[in-house]
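Peer 1: Have a peek at protein.cif (mmCIF, C-alpha atoms).
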data_final
#
loop_
_atom_site.group_PDB
_atom_site.id
_atom_site.type_symbol
_atom_site.label_atom_id
_atom_site.label_comp_id
_atom_site.auth_asym_id
_atom_site.auth_seq_id
_atom_site.Cartn_x
_atom_site.Cartn_y
_atom_site.Cartn_z
ATOM 1 C CA MET A 369 0.000 0.000 0.000
ATOM 2 C CA ILE A 370 1.193 3.505 -0.775
ATOM 3 C CA ALA A 371 1.788 5.407 2.460
ATOM 4 C CA VAL A 372 0.204 8.651 1.214
ATOM 5 C CA ALA A 373 -1.136 9.845 -2.116
ATOM 6 C CA LEU A 374 -1.541 13.130 -3.960
ATOM 7 C CA THR A 375 -4.449 13.734 -6.361
ATOM 8 C CA PRO A 376 -3.905 15.355 -9.778
ATOM 9 C CA SER A 377 -5.733 18.470 -8.537
ATOM 10 C CA ALA A 378 -3.444 18.783 -5.504
ATOM 11 C CA ALA A 379 -0.335 18.183 -7.609
ATOM 12 C CA ALA A 380 -1.380 20.910 -10.059
ATOM 13 C CA ARG A 381 -2.001 23.382 -7.218
ATOM 14 C CA VAL A 382 1.361 22.643 -5.557
ATOM 15 C CA ALA A 383 3.125 23.083 -8.922
ATOM 16 C CA ALA A 384 1.397 26.440 -9.448
ATOM 17 C CA ILE A 385 2.249 27.732 -5.969
ATOM 18 C CA ALA A 386 5.850 26.504 -6.165
ATOM 19 C CA GLY A 387 6.250 28.117 -9.587
ATOM 20 C CA ARG A 388 5.013 31.473 -8.318
ATOM 21 C CA GLN A 389 7.328 31.310 -5.307
ATOM 22 C CA ASN A 390 10.259 29.940 -7.345
ATOM 23 C CA LYS A 391 10.587 26.950 -5.002
ATOM 24 C CA PRO A 392 10.792 23.194 -5.576
ATOM 25 C CA ALA A 393 7.395 21.493 -5.995
ATOM 26 C CA ILE A 394 7.604 19.642 -2.679
ATOM 27 C CA LEU A 395 4.631 19.793 -0.309
ATOM 28 C CA ARG A 396 5.207 18.746 3.290
ATOM 29 C CA LEU A 397 2.260 17.325 5.247
ATOM 30 C CA SER A 398 2.748 17.125 8.992
ATOM 31 C CA VAL A 399 0.468 16.519 11.945
ATOM 32 C CA ASP A 400 0.540 18.609 15.117
ATOM 33 C CA GLY A 401 -1.353 18.190 18.362
ATOM 34 C CA GLY A 402 -4.194 20.678 18.662
ATOM 35 C CA GLY A 403 -7.049 21.833 16.494
ATOM 36 C CA CYS A 404 -10.673 21.387 17.449
ATOM 37 C CA ALA A 405 -10.564 17.586 17.105
ATOM 38 C CA GLY A 406 -7.192 16.686 18.686
ATOM 39 C CA PHE A 407 -4.726 16.646 15.774
ATOM 40 C CA GLN A 408 -4.208 19.261 13.082
ATOM 41 C CA TYR A 409 -2.874 18.969 9.533
ATOM 42 C CA ARG A 410 -0.095 21.356 8.510
ATOM 43 C CA PHE A 411 0.915 22.019 4.907
ATOM 44 C CA GLY A 412 3.873 23.941 3.573
ATOM 45 C CA LEU A 413 6.330 24.006 0.719
ATOM 46 C CA THR A 414 9.729 22.642 1.662
ATOM 47 C CA GLU A 415 13.122 22.940 0.032
ATOM 48 C CA ALA A 416 14.219 19.320 0.392
ATOM 49 C CA VAL A 417 13.180 15.775 1.197
ATOM 50 C CA GLU A 418 14.605 14.426 4.460
ATOM 51 C CA ALA A 419 16.204 10.971 4.500
ATOM 52 C CA ASP A 420 13.432 9.428 6.645
ATOM 53 C CA ASP A 421 10.468 11.071 4.860
ATOM 54 C CA ALA A 422 7.813 9.011 3.107
ATOM 55 C CA VAL A 423 7.462 10.370 -0.434
ATOM 56 C CA ALA A 424 4.561 10.235 -2.885
ATOM 57 C CA GLU A 425 5.012 11.667 -6.363
ATOM 58 C CA ARG A 426 2.527 12.722 -9.036
ATOM 59 C CA ASP A 427 3.135 14.771 -12.168
ATOM 60 C CA GLY A 428 6.581 15.888 -10.968
ATOM 61 C CA VAL A 429 5.279 17.074 -7.580
ATOM 62 C CA ARG A 430 6.334 15.385 -4.357
ATOM 63 C CA LEU A 431 4.345 15.022 -1.146
ATOM 64 C CA VAL A 432 6.559 14.296 1.860
ATOM 65 C CA VAL A 433 5.581 13.157 5.345
ATOM 66 C CA ASP A 434 7.844 12.700 8.373
ATOM 67 C CA PRO A 435 7.790 9.297 10.171
ATOM 68 C CA VAL A 436 5.878 10.525 13.256
ATOM 69 C CA SER A 437 3.137 12.161 11.172
ATOM 70 C CA LEU A 438 3.035 9.159 8.833
ATOM 71 C CA ASP A 439 1.778 6.965 11.679
ATOM 72 C CA LEU A 440 -1.323 9.187 11.799
ATOM 73 C CA VAL A 441 -1.907 9.633 8.037
ATOM 74 C CA SER A 442 -0.785 6.339 6.492
ATOM 75 C CA GLY A 443 -3.097 5.498 3.606
ATOM 76 C CA ALA A 444 -4.374 9.078 3.330
ATOM 77 C CA GLU A 445 -4.960 11.021 0.125
ATOM 78 C CA VAL A 446 -4.317 14.758 -0.204
ATOM 79 C CA ASP A 447 -6.639 16.632 -2.555
ATOM 80 C CA PHE A 448 -7.149 20.272 -3.483
ATOM 81 C CA VAL A 449 -10.779 21.366 -3.554
ATOM 82 C CA GLN A 450 -12.426 24.602 -4.602
ATOM 83 C CA ASN A 451 -16.029 25.439 -3.766
ATOM 84 C CA MET A 452 -18.136 28.371 -2.651
ATOM 85 C CA GLY A 453 -16.573 28.132 0.810
ATOM 86 C CA GLY A 454 -13.080 28.670 -0.563
ATOM 87 C CA ALA A 455 -10.132 26.633 -1.751
ATOM 88 C CA ALA A 456 -8.006 24.345 0.397
ATOM 89 C CA PHE A 457 -5.989 21.177 0.589
ATOM 90 C CA ARG A 458 -8.074 18.369 2.109
ATOM 91 C CA VAL A 459 -6.917 15.084 3.587
ATOM 92 C CA SER A 460 -8.995 11.930 3.236
ATOM 93 C CA ASN A 461 -7.552 10.023 6.175
ATOM 94 C CA PRO A 462 -8.703 6.423 6.784
ATOM 95 C CA ASN A 463 -7.182 6.568 10.289
ATOM 96 C CA ALA A 464 -9.353 9.477 11.472
ATOM 97 C CA ALA A 465 -12.232 8.425 13.703
ATOM 98 C CA SER A 466 -13.758 11.894 13.379
ATOM 99 C CA GLY A 467 -12.918 15.321 12.024
ATOM 100 C CA CYS A 468 -13.973 18.907 12.362
ATOM 101 C CA GLY A 469 -16.247 20.743 9.958
ATOM 102 C CA CYS A 470 -13.420 22.739 8.393
ATOM 103 C CA GLY A 471 -11.430 19.573 7.567
ATOM 104 C CA THR A 472 -8.169 20.733 9.101
ATOM 105 C CA SER A 473 -8.230 18.645 12.268
ATOM 106 C CA PHE A 474 -9.128 15.092 13.245
ATOM 107 C CA SER A 475 -9.108 12.553 16.051
ATOM 108 C CA ILE A 476 -7.987 8.920 16.119
#
Kindly return the structure encoded in the file as structure tokens.
Peer 2:
Amino acid sequence: MIAVALTPSAAARVAAIAGRQNKPAILRLSVDGGGCAGFQYRFGLTEAVEADDAVAERDGVRLVVDPVSLDLVSGAEVDFVQNMGGAAFRVSNPNAASGCGCGTSFSI
């Protein structure tokens, strides 16, 4: 099983953001304690892949996750969605027992 996955929509958005910022197309997903449901997703462009990162690649874009966060998001898919409420990266996480309405935090 792939540890984490990136949808075509998310890959295209990361490529666009990285291009505008003149950075490598590498999106880091990490999990922090906090948020309204217990854990919170964090996204950010990163300059490099660390030796112990899990890496998923799609269309030349890499999604990287550190080992501690990977325990909480293994099997997850990162998507980019746009709707009337705005635009955001969303995580479909099979490990989450519940999540908040905004989709940025979850519990196990």
Peer 1: List as a PyMOL selection string: which residues have an atom within 12 Å of (1.7, 5.6, 5.5), counting only C-alpha atoms?
Peer 2: chain A and resi 369-373+397+421-424+431-445+461-463
Peer 1: Go ahead and save the residues from that selection, with C-alpha atoms, as a PDB file, in the coordinates of the input.
Peer 2:
ATOM      1  CA  MET A 369       0.000   0.000   0.000  1.00  0.00           C
ATOM      2  CA  ILE A 370       1.193   3.505  -0.775  1.00  0.00           C
ATOM      3  CA  ALA A 371       1.788   5.407   2.460  1.00  0.00           C
ATOM      4  CA  VAL A 372       0.204   8.651   1.214  1.00  0.00           C
ATOM      5  CA  ALA A 373      -1.136   9.845  -2.116  1.00  0.00           C
ATOM      6  CA  LEU A 397       2.260  17.325   5.247  1.00  0.00           C
ATOM      7  CA  ASP A 421      10.468  11.071   4.860  1.00  0.00           C
ATOM      8  CA  ALA A 422       7.813   9.011   3.107  1.00  0.00           C
ATOM      9  CA  VAL A 423       7.462  10.370  -0.434  1.00  0.00           C
ATOM     10  CA  ALA A 424       4.561  10.235  -2.885  1.00  0.00           C
ATOM     11  CA  LEU A 431       4.345  15.022  -1.146  1.00  0.00           C
ATOM     12  CA  VAL A 432       6.559  14.296   1.860  1.00  0.00           C
ATOM     13  CA  VAL A 433       5.581  13.157   5.345  1.00  0.00           C
ATOM     14  CA  ASP A 434       7.844  12.700   8.373  1.00  0.00           C
ATOM     15  CA  PRO A 435       7.790   9.297  10.171  1.00  0.00           C
ATOM     16  CA  VAL A 436       5.878  10.525  13.256  1.00  0.00           C
ATOM     17  CA  SER A 437       3.137  12.161  11.172  1.00  0.00           C
ATOM     18  CA  LEU A 438       3.035   9.159   8.833  1.00  0.00           C
ATOM     19  CA  ASP A 439       1.778   6.965  11.679  1.00  0.00           C
ATOM     20  CA  LEU A 440      -1.323   9.187  11.799  1.00  0.00           C
ATOM     21  CA  VAL A 441      -1.907   9.633   8.037  1.00  0.00           C
ATOM     22  CA  SER A 442      -0.785   6.339   6.492  1.00  0.00           C
ATOM     23  CA  GLY A 443      -3.097   5.498   3.606  1.00  0.00           C
ATOM     24  CA  ALA A 444      -4.374   9.078   3.330  1.00  0.00           C
ATOM     25  CA  GLU A 445      -4.960  11.021   0.125  1.00  0.00           C
ATOM     26  CA  ASN A 461      -7.552  10.023   6.175  1.00  0.00           C
ATOM     27  CA  PRO A 462      -8.703   6.423   6.784  1.00  0.00           C
ATOM     28  CA  ASN A 463      -7.182   6.568  10.289  1.00  0.00           C
TER      29      ASN A 463
END
Peer 1: So how many Å separate CA of Val382 in chain A and CA of Arg410 in chain A, to one decimal?
Peer 2: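 Those two atoms sit 14.2 Å apart.
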Peer 1: Enumerate, as a list in words, the residues matched when the PyMOL selection byres ((chain A and resi 378) around 10) is run on the file above.
Peer 2: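 The output of the PyMOL selection byres ((chain A and resi 378) around 10) on this file is Ala373, Leu374, Thr375, Pro376, Ser377, Ala379, Ala380, Arg381, Val382, Ala383, Ala384, Leu395, Arg426, Val429, Leu431, Glu445, Val446, Asp447, Phe448, Val449, Ala456, Phe457 and Arg458 of chain A.
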Peer 1: Would you export the selected residues with C-alpha atoms as a PDB file, keeping the file's coordinate frame, please?
Peer 2:
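So the final result, stored in result_20.pdb, reads:
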ATOM      1  CA  ALA A 373      -1.136   9.845  -2.116  1.00  0.00           C
ATOM      2  CA  LEU A 374      -1.541  13.130  -3.960  1.00  0.00           C
ATOM      3  CA  THR A 375      -4.449  13.734  -6.361  1.00  0.00           C
ATOM      4  CA  PRO A 376      -3.905  15.355  -9.778  1.00  0.00           C
ATOM      5  CA  SER A 377      -5.733  18.470  -8.537  1.00  0.00           C
ATOM      6  CA  ALA A 379      -0.335  18.183  -7.609  1.00  0.00           C
ATOM      7  CA  ALA A 380      -1.380  20.910 -10.059  1.00  0.00           C
ATOM      8  CA  ARG A 381      -2.001  23.382  -7.218  1.00  0.00           C
ATOM      9  CA  VAL A 382       1.361  22.643  -5.557  1.00  0.00           C
ATOM     10  CA  ALA A 383       3.125  23.083  -8.922  1.00  0.00           C
ATOM     11  CA  ALA A 384       1.397  26.440  -9.448  1.00  0.00           C
ATOM     12  CA  LEU A 395       4.631  19.793  -0.309  1.00  0.00           C
ATOM     13  CA  ARG A 426       2.527  12.722  -9.036  1.00  0.00           C
ATOM     14  CA  VAL A 429       5.279  17.074  -7.580  1.00  0.00           C
ATOM     15  CA  LEU A 431       4.345  15.022  -1.146  1.00  0.00           C
ATOM     16  CA  GLU A 445      -4.960  11.021   0.125  1.00  0.00           C
ATOM     17  CA  VAL A 446      -4.317  14.758  -0.204  1.00  0.00           C
ATOM     18  CA  ASP A 447      -6.639  16.632  -2.555  1.00  0.00           C
ATOM     19  CA  PHE A 448      -7.149  20.272  -3.483  1.00  0.00           C
ATOM     20  CA  VAL A 449     -10.779  21.366  -3.554  1.00  0.00           C
ATOM     21  CA  ALA A 456      -8.006  24.345   0.397  1.00  0.00           C
ATOM     22  CA  PHE A 457      -5.989  21.177   0.589  1.00  0.00           C
ATOM     23  CA  ARG A 458      -8.074  18.369   2.109  1.00  0.00           C
TER      24      ARG A 458
END
Peer 1: At a cut-off of 10 Å around the point (14.4, 17.4, 0.9) (file coordinates), what residues fall inside when counting only C-alpha atoms? I'd like the answer as a short mmCIF file (atom, residue, chain, number, x, y, z; two decimals) with C-alpha atoms, keeping the file's coordinate frame.
Peer 2:
data_model
loop_
_atom_site.label_atom_id
_atom_site.label_comp_id
_atom_site.auth_asym_id
_atom_site.auth_seq_id
_atom_site.Cartn_x
_atom_site.Cartn_y
_atom_site.Cartn_z
CA PRO A 392 10.79 23.19 -5.58
CA ILE A 394 7.60 19.64 -2.68
CA ARG A 396 5.21 18.75 3.29
CA THR A 414 9.73 22.64 1.66
CA GLU A 415 13.12 22.94 0.03
CA ALA A 416 14.22 19.32 0.39
CA VAL A 417 13.18 15.78 1.20
CA GLU A 418 14.60 14.43 4.46
CA ALA A 419 16.20 10.97 4.50
CA ASP A 420 13.43 9.43 6.64
CA ASP A 421 10.47 11.07 4.86
CA VAL A 423 7.46 10.37 -0.43
CA ARG A 430 6.33 15.38 -4.36
CA VAL A 432 6.56 14.30 1.86
#
Peer 1: Set the distance at 7 Å and use all atoms listed in the file: which residues neighbour Asp400 in chain A once local chain neighbours fewer than 6 positions away are removed? I'd like the list as number ranges by chain.
Peer 2: A: 407-409
Peer 1: Box for range 395-399 of chain A: with edges along x, y and z, all listed atoms inside and 3 Å added on each side, what are the centre and edge lengths in Å to one decimal, as lines of an AutoDock Vina configuration file?
Peer 2:
center_x = 2.8
center_y = 18.2
center_z = 5.8
size_x = 10.7
size_y = 9.3
size_z = 18.3
Peer 1: Separation of CA of Ala464 in chain A and CA of Ala386 in chain A, in Å?
Peer 2: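 Interatomic distance here is 28.8 Å.
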Peer 1: State, in Å with one decimal place, the distance from CA of Asn451 in chain A to CA of Phe411 in chain A.
Peer 2: 19.3 Å
